[in-house]
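Before any comments, here is the structure.
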Amino acid sequence: MTTAQPTPPAAPEVAWNRISRIHRNLDRLARHLLKRPAGADVSLPPPDFTHPQTAFYFATIWMRAWYSEAWAASSRWLYEQAAALGHTPPEKDFADTMRRLRAFLVHHMDASVSEGEETERVCNEWFERACGSVVPQSAFEWHHCLARLLEQNEAYAHFMLAIAKSVERSPEKSTLVLQWRAALERQDYPRYRQSLQEAAGDLGLQRLNEQKLDSIHSRYRVRWAKALEKLGHDADFDREIRLRAEWALLADTSGALIVSASDVMEALELSPGPQVAHALRLAQILREFHPDDSAEQLLRRLAGQWVAARQ
């Protein structure tokens, strides 16, 4: 007597289309509320559902990119408003599970490291619940894994849209919209890049090519985002971003000093401490005005300016 196999899940294309429709509705509502985009399109193509295992890999990567990159700021902000607006996430650890599934699929997991061990445990449990095996192999098992993945993402997309609709209906709508917009402006990386470009022009740094500006942008953008998170939603983000862009350009384009901290301490008779840093900054400015000075000349010039600056 043969055991009847479970019914295969519905066509994944249908579920994917439903998720895409929810994303479009969320995007339309968010644009209406914010008067600006709330996220970006995922640059990856949608999965090809011909082979369930490959489709599972690409769907996982695509969905993770939507939540953690393209719509990162909005999805994070909406999630933070859920409880206050009366919504409960369909799965408490959904975002973390998606992160771990993607890592499990595209990175080597070192089980001897606690993070790798935990990721393997979470993914093993997920696969076992989805298809009955920790190690899916057959097309049938991968179909079930894919169906479970799409089911979870559809539920979470509905959750995001429901929160956005609650914002739309809330008596505090105006305040919530301002807060949402501020959350986006804090994470507006293309805006950081544009501000760098404009600041470079104003500072006479036209010699900096696109590659150099991209390098500065990559090194500073996360630091700027963290600093901007501390500002209120009514802050002037354009000004705050511009101030940081100018500082980064000045810090990154200043030439190397020809005098050291020990040179400065000896010349100015300073003890180690903040005054040494102040003196080095002054030396840096003097060096820019007098680039042909030798170390000895720069120290003499610094000594004179140091006395004048402290009077």
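Chains: A, B, ... in order of the structure tokens. Residues: from 1 per chain. Ligands: from 1, in order shown.
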Practice problem: Identify, with DSSP run on backbone atoms, the residues in segment 7-195 of chain A assigned to helix (DSSP H, G or I), and express the list as a VMD selection string. | Solution: chain A and resid 12 to 34 52 to 70 72 to 81 94 to 106 114 to 131 139 to 169 173 to 186 189 to 195
Which neighbours of Ala55 of chain A fall inside 12 Å, counting only C-alpha atoms, when residues of the same chain fewer than 3 positions from it are skipped, and could you give them as a PDB file with N, CA and C atoms, in the first residue's frame?
ATOM      1  N   ALA A  11       0.696  27.367  -7.587  1.00  0.00           N
ATOM      2  CA  ALA A  11       1.752  27.925  -8.432  1.00  0.00           C
ATOM      3  C   ALA A  11       2.376  29.147  -7.763  1.00  0.00           C
ATOM      4  N   PRO A  12       3.706  29.168  -7.630  1.00  0.00           N
ATOM      5  CA  PRO A  12       4.350  30.291  -6.941  1.00  0.00           C
ATOM      6  C   PRO A  12       4.195  31.619  -7.672  1.00  0.00           C
ATOM      7  N   GLU A  13       4.024  31.566  -8.995  1.00  0.00           N
ATOM      8  CA  GLU A  13       3.849  32.812  -9.741  1.00  0.00           C
ATOM      9  C   GLU A  13       2.639  33.595  -9.245  1.00  0.00           C
ATOM     10  N   TRP A  16       3.568  35.265  -6.013  1.00  0.00           N
ATOM     11  CA  TRP A  16       4.492  36.377  -6.295  1.00  0.00           C
ATOM     12  C   TRP A  16       3.734  37.588  -6.834  1.00  0.00           C
ATOM     13  N   PRO A  45      16.243  41.143 -10.943  1.00  0.00           N
ATOM     14  CA  PRO A  45      15.050  40.671 -11.660  1.00  0.00           C
ATOM     15  C   PRO A  45      14.250  39.739 -10.764  1.00  0.00           C
ATOM     16  N   PRO A  46      12.952  39.602 -11.013  1.00  0.00           N
ATOM     17  CA  PRO A  46      12.155  38.654 -10.219  1.00  0.00           C
ATOM     18  C   PRO A  46      12.608  37.227 -10.494  1.00  0.00           C
ATOM     19  N   PRO A  47      12.317  36.314  -9.581  1.00  0.00           N
ATOM     20  CA  PRO A  47      12.765  34.924  -9.766  1.00  0.00           C
ATOM     21  C   PRO A  47      12.130  34.268 -10.986  1.00  0.00           C
ATOM     22  N   ASP A  48      12.861  33.341 -11.549  1.00  0.00           N
ATOM     23  CA  ASP A  48      12.332  32.454 -12.580  1.00  0.00           C
ATOM     24  C   ASP A  48      11.831  31.208 -11.847  1.00  0.00           C
ATOM     25  N   PHE A  49      10.544  30.946 -11.937  1.00  0.00           N
ATOM     26  CA  PHE A  49       9.950  29.873 -11.142  1.00  0.00           C
ATOM     27  C   PHE A  49       9.987  28.511 -11.835  1.00  0.00           C
ATOM     28  N   THR A  50      10.795  28.391 -12.886  1.00  0.00           N
ATOM     29  CA  THR A  50      10.878  27.119 -13.605  1.00  0.00           C
ATOM     30  C   THR A  50      11.415  26.008 -12.713  1.00  0.00           C
ATOM     31  N   HIS A  51      12.443  26.321 -11.928  1.00  0.00           N
ATOM     32  CA  HIS A  51      13.055  25.334 -11.037  1.00  0.00           C
ATOM     33  C   HIS A  51      12.871  25.800  -9.592  1.00  0.00           C
ATOM     34  N   PRO A  52      12.201  25.027  -8.771  1.00  0.00           N
ATOM     35  CA  PRO A  52      11.842  25.497  -7.425  1.00  0.00           C
ATOM     36  C   PRO A  52      13.036  25.822  -6.529  1.00  0.00           C
ATOM     37  N   PHE A  58      16.581  32.745  -5.312  1.00  0.00           N
ATOM     38  CA  PHE A  58      16.442  34.110  -5.818  1.00  0.00           C
ATOM     39  C   PHE A  58      15.303  34.867  -5.136  1.00  0.00           C
ATOM     40  N   ALA A  59      14.240  34.165  -4.780  1.00  0.00           N
ATOM     41  CA  ALA A  59      13.143  34.831  -4.071  1.00  0.00           C
ATOM     42  C   ALA A  59      13.604  35.295  -2.691  1.00  0.00           C
ATOM     43  N   THR A  60      14.408  34.475  -2.022  1.00  0.00           N
ATOM     44  CA  THR A  60      14.940  34.855  -0.707  1.00  0.00           C
ATOM     45  C   THR A  60      15.813  36.097  -0.820  1.00  0.00           C
ATOM     46  N   ILE A  61      16.705  36.099  -1.795  1.00  0.00           N
ATOM     47  CA  ILE A  61      17.607  37.243  -1.978  1.00  0.00           C
ATOM     48  C   ILE A  61      16.812  38.489  -2.358  1.00  0.00           C
ATOM     49  N   TRP A  62      15.822  38.333  -3.236  1.00  0.00           N
ATOM     50  CA  TRP A  62      15.021  39.474  -3.688  1.00  0.00           C
ATOM     51  C   TRP A  62      14.228  40.070  -2.524  1.00  0.00           C
ATOM     52  N   MET A  63      13.576  39.215  -1.754  1.00  0.00           N
ATOM     53  CA  MET A  63      12.760  39.708  -0.644  1.00  0.00           C
ATOM     54  C   MET A  63      13.620  40.371   0.427  1.00  0.00           C
ATOM     55  N   ALA A 139      12.436  18.167  -5.906  1.00  0.00           N
ATOM     56  CA  ALA A 139      11.668  19.311  -6.399  1.00  0.00           C
ATOM     57  C   ALA A 139      10.423  19.517  -5.551  1.00  0.00           C
ATOM     58  N   TRP A 142      11.424  21.368  -2.393  1.00  0.00           N
ATOM     59  CA  TRP A 142      11.728  22.774  -2.679  1.00  0.00           C
ATOM     60  C   TRP A 142      10.469  23.561  -3.021  1.00  0.00           C
ATOM     61  N   HIS A 143       9.506  22.906  -3.655  1.00  0.00           N
ATOM     62  CA  HIS A 143       8.225  23.572  -3.919  1.00  0.00           C
ATOM     63  C   HIS A 143       7.574  24.008  -2.603  1.00  0.00           C
ATOM     64  N   HIS A 144       7.616  23.131  -1.617  1.00  0.00           N
ATOM     65  CA  HIS A 144       7.007  23.457  -0.326  1.00  0.00           C
ATOM     66  C   HIS A 144       7.787  24.560   0.391  1.00  0.00           C
ATOM     67  N   CYS A 145       9.099  24.530   0.283  1.00  0.00           N
ATOM     68  CA  CYS A 145       9.905  25.605   0.881  1.00  0.00           C
ATOM     69  C   CYS A 145       9.581  26.943   0.222  1.00  0.00           C
ATOM     70  N   LEU A 146       9.486  26.925  -1.089  1.00  0.00           N
ATOM     71  CA  LEU A 146       9.177  28.151  -1.818  1.00  0.00           C
ATOM     72  C   LEU A 146       7.787  28.664  -1.455  1.00  0.00           C
ATOM     73  N   ALA A 147       6.835  27.750  -1.360  1.00  0.00           N
ATOM     74  CA  ALA A 147       5.471  28.150  -1.005  1.00  0.00           C
ATOM     75  C   ALA A 147       5.438  28.788   0.384  1.00  0.00           C
ATOM     76  N   LEU A 149       7.940  30.268   1.939  1.00  0.00           N
ATOM     77  CA  LEU A 149       8.637  31.558   1.860  1.00  0.00           C
ATOM     78  C   LEU A 149       7.704  32.645   1.330  1.00  0.00           C
ATOM     79  N   LEU A 150       6.996  32.338   0.260  1.00  0.00           N
ATOM     80  CA  LEU A 150       6.101  33.324  -0.338  1.00  0.00           C
ATOM     81  C   LEU A 150       4.906  33.609   0.569  1.00  0.00           C
TER      82      LEU A 150
END
Practice problem: Please provide the set of residues having any atom within 12 Å of segment 273-275 of chain A, restricted to only C-alpha atoms, with same-chain residues fewer than 5 positions apart removed, written as an MDAnalysis selection string. | Solution: chainID A and resid 261:262 264:265 268 280:282 306 310
Quiz item: Could you pull the residues within 8 Å of segment 19-23 of chain A, counting only C-alpha atoms, minus those fewer than 4 positions along the same chain, as number ranges by chain?
Solution: A: 15, 27, 153-154, 157-158, 161
Practice problem: Determine the nearest neighbour of Leu178 of chain A from the options A:Val122, A:Ile163, A:Ala235, A:Ala82, counting only C-alpha atoms. | Solution: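 Going through A:Val122, A:Ile163, A:Ala235, A:Ala82 one by one, the smallest distance to Leu178 of chain A is for A:Ala235.
Closest approach to Met109 of chain A from the set A:Arg121, A:Arg148, A:Arg239, A:Lys226 is made by A:Arg121, with distances taken over only C-alpha atoms.
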Practice problem: May I have the residues within 10 Å of Leu184 of chain A as a PyMOL selection string, using only C-alpha atoms and disregarding those fewer than 5 positions away in the same chain? | Solution: chain A and resi 34+36-39+71-74+77+178-179+189
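Nearest-residue note for Asp234 of chain A: choosing from A:Gln284, A:Gln197, A:Ala182, A:Leu249, the minimum distance belongs to A:Ala182, counting only C-alpha atoms.
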Exercise. Work out how far atom CA of Glu128 of chain A is from atom CA of His107 of chain A, in Å to one decimal.
Key: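 Interatomic distance here is 20.2 Å.
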Quiz prompt | Å distance separating atom CA of Leu29 of chain A from atom CA of Asp41 of chain A, one decimal place | solution =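 Atom CA of Leu29 of chain A sits 15.4 Å away from atom CA of Asp41 of chain A.
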Quiz prompt | Distance query Ser254 of chain A at most 9 Å, only C-alpha atoms, self and fewer than 2 positions along chain excluded, as a PyMOL selection string | solution = chain A and resi 249-252+256-257+284-285+288
Self-check item: Pick from A:Arg193, A:Arg100, A:His87, A:Arg219, whichever lies nearest to Met160 of chain A using only C-alpha atoms
Solution: A:His87
